[in-house]
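final-v1.txt follows; it contains compact mmCIF, C-alpha atoms.
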# COMPACT_ATOMS: atom_id res chain seq x y z
CA MET A 1 -76.63 -9.22 -30.56
CA PRO A 2 -76.30 -12.82 -31.78
CA SER A 3 -74.03 -14.85 -29.55
CA GLY A 4 -73.02 -18.47 -29.28
CA ASN A 5 -69.48 -18.18 -27.94
CA PHE A 6 -70.23 -14.87 -26.17
CA GLY A 7 -67.59 -13.01 -28.19
CA ASN A 8 -69.89 -10.32 -29.57
CA ALA A 9 -71.49 -9.75 -26.18
CA LEU A 10 -68.10 -9.61 -24.48
CA GLY A 11 -66.93 -7.00 -26.97
CA ALA A 12 -70.01 -4.91 -26.17
CA TYR A 13 -69.33 -5.37 -22.47
CA TYR A 14 -65.77 -4.09 -22.83
CA ALA A 15 -67.04 -1.15 -24.89
CA ARG A 16 -69.53 -0.37 -22.11
CA ARG A 17 -66.74 -0.52 -19.56
CA LEU A 18 -64.75 1.94 -21.67
CA GLY A 19 -67.60 4.42 -21.60
CA VAL A 20 -69.74 3.70 -24.65
CA PRO A 21 -73.31 4.61 -23.58
CA ILE A 22 -74.80 1.11 -23.66
CA ASP A 23 -77.58 0.62 -21.14
CA ARG A 24 -78.08 -3.13 -21.53
CA ILE A 25 -76.63 -5.87 -23.70
CA LEU A 26 -79.31 -8.15 -25.13
CA ILE A 27 -77.97 -11.57 -26.09
CA ALA A 28 -79.79 -13.52 -28.79
CA SER A 29 -79.20 -17.27 -29.11
CA ASN A 30 -80.64 -20.09 -31.16
CA GLN A 31 -82.05 -23.38 -29.87
CA ASN A 32 -78.72 -24.05 -28.15
CA HIS A 33 -79.71 -21.42 -25.62
CA VAL A 34 -77.26 -22.20 -22.85
CA LEU A 35 -76.40 -18.48 -22.65
CA THR A 36 -80.06 -17.52 -22.32
CA ASP A 37 -80.50 -19.96 -19.46
CA PHE A 38 -77.31 -18.75 -17.78
CA ILE A 39 -78.28 -15.07 -17.92
CA ARG A 40 -81.79 -15.81 -16.70
CA THR A 41 -81.02 -18.32 -13.94
CA GLY A 42 -77.32 -18.09 -13.05
CA HIS A 43 -76.89 -21.79 -13.82
CA TYR A 44 -74.46 -22.89 -16.53
CA ASP A 45 -75.69 -26.43 -16.97
CA LEU A 46 -74.45 -28.87 -19.61
CA ARG A 47 -75.79 -32.00 -17.92
CA ASN A 48 -77.91 -34.08 -20.31
CA ARG A 49 -77.80 -31.24 -22.82
CA PRO A 50 -77.10 -32.36 -26.40
CA LEU A 51 -75.86 -29.99 -29.08
CA ILE A 52 -78.62 -29.15 -31.57
CA ASN A 53 -77.79 -28.55 -35.22
CA THR A 54 -79.64 -25.39 -36.28
CA ASN A 55 -79.89 -23.08 -39.28
CA ALA A 56 -77.63 -20.59 -37.43
CA PRO A 57 -74.64 -22.97 -37.13
CA ALA A 58 -72.00 -20.53 -35.85
CA MET A 59 -74.13 -20.29 -32.70
CA ASP A 60 -74.32 -24.07 -32.22
CA ILE A 61 -72.14 -23.93 -29.11
CA LEU A 62 -72.60 -25.26 -25.59
CA ILE A 63 -69.33 -24.17 -23.95
CA SER A 64 -69.06 -20.43 -24.53
CA SER A 65 -65.38 -19.81 -23.85
CA ASN A 66 -65.67 -16.03 -23.61
CA ILE A 67 -67.92 -16.33 -20.54
CA GLU A 68 -64.75 -17.09 -18.59
CA ARG A 69 -63.40 -13.64 -19.46
CA LEU A 70 -66.58 -11.99 -18.19
CA LEU A 71 -66.42 -13.95 -14.94
CA PHE A 72 -62.79 -12.93 -14.48
CA ASP A 73 -63.56 -9.25 -14.95
CA LEU A 74 -66.56 -9.29 -12.64
CA PHE A 75 -65.56 -11.76 -9.93
CA GLY A 76 -61.78 -12.18 -10.07
CA SER A 77 -59.42 -15.00 -10.86
CA GLU A 78 -60.05 -17.28 -7.87
CA ARG A 79 -63.84 -17.31 -8.23
CA THR A 80 -63.49 -17.83 -11.97
CA ARG A 81 -61.18 -20.80 -11.38
CA VAL A 82 -63.72 -22.38 -9.02
CA LEU A 83 -66.60 -21.93 -11.47
CA MET A 84 -64.71 -23.14 -14.54
CA SER A 85 -63.34 -26.15 -12.65
CA ALA A 86 -66.89 -27.08 -11.67
CA LEU A 87 -67.97 -26.84 -15.29
CA ALA A 88 -65.09 -29.06 -16.43
CA GLN A 89 -65.62 -31.67 -13.73
CA GLU A 90 -69.36 -31.58 -13.06
CA HIS A 91 -70.66 -29.96 -16.29
CA HIS A 92 -72.45 -27.37 -14.18
CA TYR A 93 -71.94 -24.36 -11.99
CA ALA A 94 -74.25 -21.88 -10.28
CA LEU A 95 -73.68 -18.22 -9.47
CA GLU A 96 -74.41 -16.81 -6.05
CA ALA A 97 -77.47 -14.54 -5.89
CA HIS A 98 -75.42 -11.36 -5.73
CA GLU A 99 -73.32 -12.49 -8.69
CA LEU A 100 -76.41 -13.13 -10.78
CA THR A 101 -77.68 -9.67 -9.84
CA GLN A 102 -74.46 -8.17 -11.22
CA ILE A 103 -74.83 -10.11 -14.47
CA GLN A 104 -78.48 -9.21 -14.89
CA ALA A 105 -77.77 -5.53 -14.29
CA ILE A 106 -75.89 -5.55 -17.60
CA PHE A 107 -77.23 -8.44 -19.68
CA SER A 108 -80.59 -9.75 -20.83
CA ALA A 109 -81.09 -12.77 -23.06
CA GLY A 110 -83.54 -14.64 -25.27
CA PHE A 111 -83.49 -17.14 -28.09
CA ALA A 112 -85.18 -18.01 -31.37
CA THR A 113 -86.12 -21.37 -32.85
CA ASP A 114 -85.28 -22.40 -36.41
CA ALA A 115 -88.85 -21.72 -37.47
CA GLU A 116 -88.79 -18.25 -35.91
CA VAL A 117 -85.47 -17.49 -37.61
CA LYS A 118 -86.93 -18.28 -41.03
CA THR A 119 -90.06 -16.28 -40.28
CA ASP A 120 -88.04 -13.22 -39.31
CA ILE A 121 -85.77 -13.48 -42.36
CA ARG A 122 -88.90 -13.26 -44.48
CA ASN A 123 -90.56 -10.56 -42.37
CA VAL A 124 -87.53 -8.28 -42.43
CA PHE A 125 -87.24 -8.57 -46.19
CA GLU A 126 -90.94 -7.99 -46.79
CA GLN A 127 -91.09 -5.03 -44.42
CA GLN A 128 -87.70 -3.42 -45.03
CA GLY A 129 -86.34 -4.90 -48.25
CA TYR A 130 -83.23 -6.03 -46.41
CA VAL A 131 -81.78 -9.56 -46.56
CA ILE A 132 -80.48 -10.81 -43.23
CA ASP A 133 -78.68 -14.00 -42.29
CA PRO A 134 -79.98 -16.55 -39.73
CA HIS A 135 -77.73 -15.26 -36.94
CA THR A 136 -78.94 -11.69 -37.33
CA ALA A 137 -82.51 -12.97 -37.47
CA THR A 138 -82.23 -14.26 -33.92
CA CYS A 139 -81.74 -10.64 -32.83
CA PHE A 140 -84.95 -9.45 -34.45
CA ARG A 141 -86.91 -12.13 -32.61
CA VAL A 142 -85.29 -11.44 -29.23
CA GLN A 143 -85.57 -7.67 -29.69
CA GLU A 144 -89.31 -8.07 -30.21
CA GLN A 145 -89.51 -10.05 -26.96
CA ALA A 146 -87.53 -7.47 -24.97
CA ASP A 147 -89.42 -5.51 -22.35
CA SER A 148 -87.79 -2.13 -22.89
CA ASP A 149 -88.70 1.28 -24.23
CA LEU A 150 -85.07 2.13 -25.00
CA PRO A 151 -83.89 2.20 -28.62
CA GLY A 152 -81.96 -0.89 -29.62
CA VAL A 153 -79.11 -1.50 -32.02
CA ILE A 154 -79.06 -4.90 -33.73
CA CYS A 155 -75.63 -6.22 -34.65
CA ALA A 156 -75.50 -8.11 -37.95
CA THR A 157 -72.59 -10.49 -37.51
CA ALA A 158 -72.67 -12.50 -40.74
CA GLU A 159 -73.41 -12.05 -44.45
CA TRP A 160 -76.41 -13.69 -46.10
CA THR A 161 -74.48 -15.44 -48.89
CA LYS A 162 -72.93 -17.76 -46.32
CA PHE A 163 -76.36 -19.31 -45.67
CA SER A 164 -78.00 -19.27 -49.07
CA PRO A 165 -79.91 -22.61 -48.72
CA VAL A 166 -81.55 -21.36 -45.51
CA LEU A 167 -82.39 -18.05 -47.16
CA ALA A 168 -83.90 -19.81 -50.17
CA GLU A 169 -86.17 -21.81 -47.89
CA ALA A 170 -87.14 -18.77 -45.81
CA LEU A 171 -87.69 -16.30 -48.64
CA LEU A 172 -88.72 -18.50 -51.56
CA ASP A 173 -90.14 -21.66 -49.95
CA GLU A 174 -87.54 -23.66 -51.86
CA PRO A 175 -85.83 -26.09 -49.48
CA GLY A 176 -82.91 -28.35 -50.33
CA LEU A 177 -81.13 -26.16 -52.89
CA THR A 178 -77.37 -26.30 -53.25
CA ASP A 179 -75.36 -23.23 -52.30
CA ALA A 180 -74.72 -22.15 -55.87
CA VAL A 181 -78.32 -22.57 -57.02
CA ALA A 182 -79.67 -20.90 -53.89
CA LEU A 183 -77.34 -17.91 -54.31
CA ASN A 184 -78.57 -17.28 -57.82
CA ARG A 185 -82.23 -17.75 -56.93
CA ILE A 186 -82.03 -15.33 -54.00
CA ALA A 187 -80.08 -12.75 -55.97
CA GLU A 188 -82.69 -12.79 -58.74
CA ALA A 189 -85.67 -12.72 -56.39
CA THR A 190 -84.38 -9.97 -54.10
CA ASN A 191 -82.34 -7.90 -56.55
CA GLN A 192 -79.17 -8.56 -54.58
CA THR A 193 -75.65 -8.72 -55.98
CA VAL A 194 -73.48 -11.66 -55.02
CA CYS A 195 -69.98 -10.33 -54.43
CA PRO A 196 -67.45 -11.55 -57.03
CA GLN A 197 -65.29 -13.30 -54.46
CA ILE A 198 -68.21 -15.52 -53.42
CA ALA A 199 -69.47 -16.14 -56.94
CA ASP A 200 -65.98 -17.09 -58.11
CA ILE A 201 -65.69 -19.90 -55.56
CA PHE A 202 -68.04 -22.12 -57.55
CA HIS A 203 -65.87 -21.84 -60.67
CA ARG A 204 -62.62 -22.80 -59.03
CA PRO A 205 -61.18 -26.33 -59.31
CA VAL A 206 -61.46 -28.65 -56.33
CA GLN A 207 -58.05 -28.88 -54.68
CA HIS A 208 -58.59 -31.72 -52.21
CA HIS A 209 -60.46 -34.94 -52.87
CA THR A 210 -59.44 -37.09 -49.91
CA GLN A 211 -62.17 -38.14 -47.51
CA ILE A 212 -61.15 -39.61 -44.16
CA GLU A 213 -63.31 -41.43 -41.64
CA PRO A 214 -63.11 -40.00 -38.10
CA ASN A 215 -61.39 -43.08 -36.68
CA ALA A 216 -58.64 -42.75 -39.32
CA LEU A 217 -57.84 -39.09 -38.72
CA ALA A 218 -54.91 -39.68 -36.35
CA ASN A 219 -53.09 -41.92 -38.82
CA ALA A 220 -53.82 -39.51 -41.67
CA VAL A 221 -52.25 -36.64 -39.73
CA LEU A 222 -49.18 -38.77 -38.91
CA ASP A 223 -48.84 -39.74 -42.57
CA PHE A 224 -49.02 -36.08 -43.58
CA LEU A 225 -46.33 -35.16 -41.05
Show how you would write the structure in this file as structure tokens.
Amino acid sequence: MPSGNFGNALGAYYARRLGVPIDRILIASNQNHVLTDFIRTGHYDLRNRPLINTNAPAMDILISSNIERLLFDLFGSERTRVLMSALAQEHHYALEAHELTQIQAIFSAGFATDAEVKTDIRNVFEQQGYVIDPHTATCFRVQEQADSDLPGVICATAEWTKFSPVLAEALLDEPGLTDAVALNRIAEATNQTVCPQIADIFHRPVQHHTQIEPNALANAVLDFL
């Protein structure tokens, strides 16, 4: 399943703990693959690691807050406190070998690049006639990489209309389109229907016109209050 903040994977973990017959949880990330590295190595390392802007932006995360909940459930409060304190102070922590073994008994992980995401968006549509979003596309790539004979379930966690410019580039080779134009082009080319709530957004009046520079935000908030 696609995961940047580990929420989807944590939900699957809790479901597994409750008895849902899930053998392994396969985590798919984008080029900000801190989760992939953590699952594979046991090191959560943010040192000299910049955030990369990708075409799956909801996964552009370096500090996955839900990992703390997994650590708590597996290793207890005191060990979790030690690990999270190390991350806050040193931007890094490392699991013990037996802890990593516990993690890897449940989770596997991989990641997809922006180029691979666009390729899989196109491949899935051409092969199955189904339009997927960039986050879901990471799953198709990682599922293909997985070394397992077990059947897999891919979780689609977003809707394609949210990422219409990326879809237009992936499916139609038309980069740089605005959201509204891209929505219409994709809908026509793929015989999709844009839900009325999304289509209506582009006909509504703009409510807020104020633009504030970052260094002026504090004063703007005080003025509002």
Choose the residue, out of A:His208, A:Arg24, A:His91, A:Arg122, that has the smallest atom-to-atom separation from A:Asn48; count only C-alpha atoms.
-> A:His91
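Between atom CA of A:Tyr13 and atom CA of A:Ile103 the separation is 10.8 Å.
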At what distance in Å, to one decimal, does atom CA of A:Pro57 lie from atom CA of A:His209?
->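 Atom CA of A:Pro57 lies at a distance of 24.3 Å from atom CA of A:His209.
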May I ask which of the residues A:Glu159, A:Asp200, A:Glu99, A:Asp149 is the closest one to A:Ala56, counting all atoms listed in the file?
->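 Under the stated criterion, the closest residue is A:Glu159.
Closest approach to A:Pro134 among A:Thr101, A:Asn5, A:Asn30, A:Ser65: A:Asn30, based on all atoms listed in the file.
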Could you work out how far atom CA of A:Val181 lies from atom CA of A:Lys118, giving the answer in Å with one decimal?
->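 Between atom CA of A:Lys118 and atom CA of A:Val181 the gap is 18.7 Å.
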Between A:Asp73, A:Asp45, A:Asp133, A:Asp37, single out the one closest to A:Tyr93, counting all atoms listed in the file.
->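 Going through A:Asp73, A:Asp45, A:Asp133, A:Asp37 one by one, the smallest distance to A:Tyr93 is for A:Asp45.
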For A:His98, the nearest of the candidates A:Leu172, A:Val20, A:Leu74, A:Ala180, counting all atoms listed in the file = A:Leu74
A:Leu167, A:Val153, A:Val34, A:Leu100 ranked by distance to A:Thr119, top pick (using all atoms listed in the file) | A:Leu167
Neighbours of point (-78.6, -4.1, -30.4) within 8 Å, using only C-alpha atoms, written as JSON, numbers by chain | {"A": [1, 25, 26, 139, 143, 152, 153, 154, 155]}
Which neighbours of A:Ala97 fall inside 12 Å, counting all atoms listed in the file, when residues of the same chain fewer than 4 positions from it are skipped, and could you give them as a PyMOL selection string?
-> chain A and resi 40-43+101-104
Close residues, A:Thr136 itself excluded, 10 Å, all atoms listed in the file, min 4 positions apart in chain, as a ChimeraX atom specification | /A:1-3,28-29,56,117,120-121,131-132,140-141,154-160
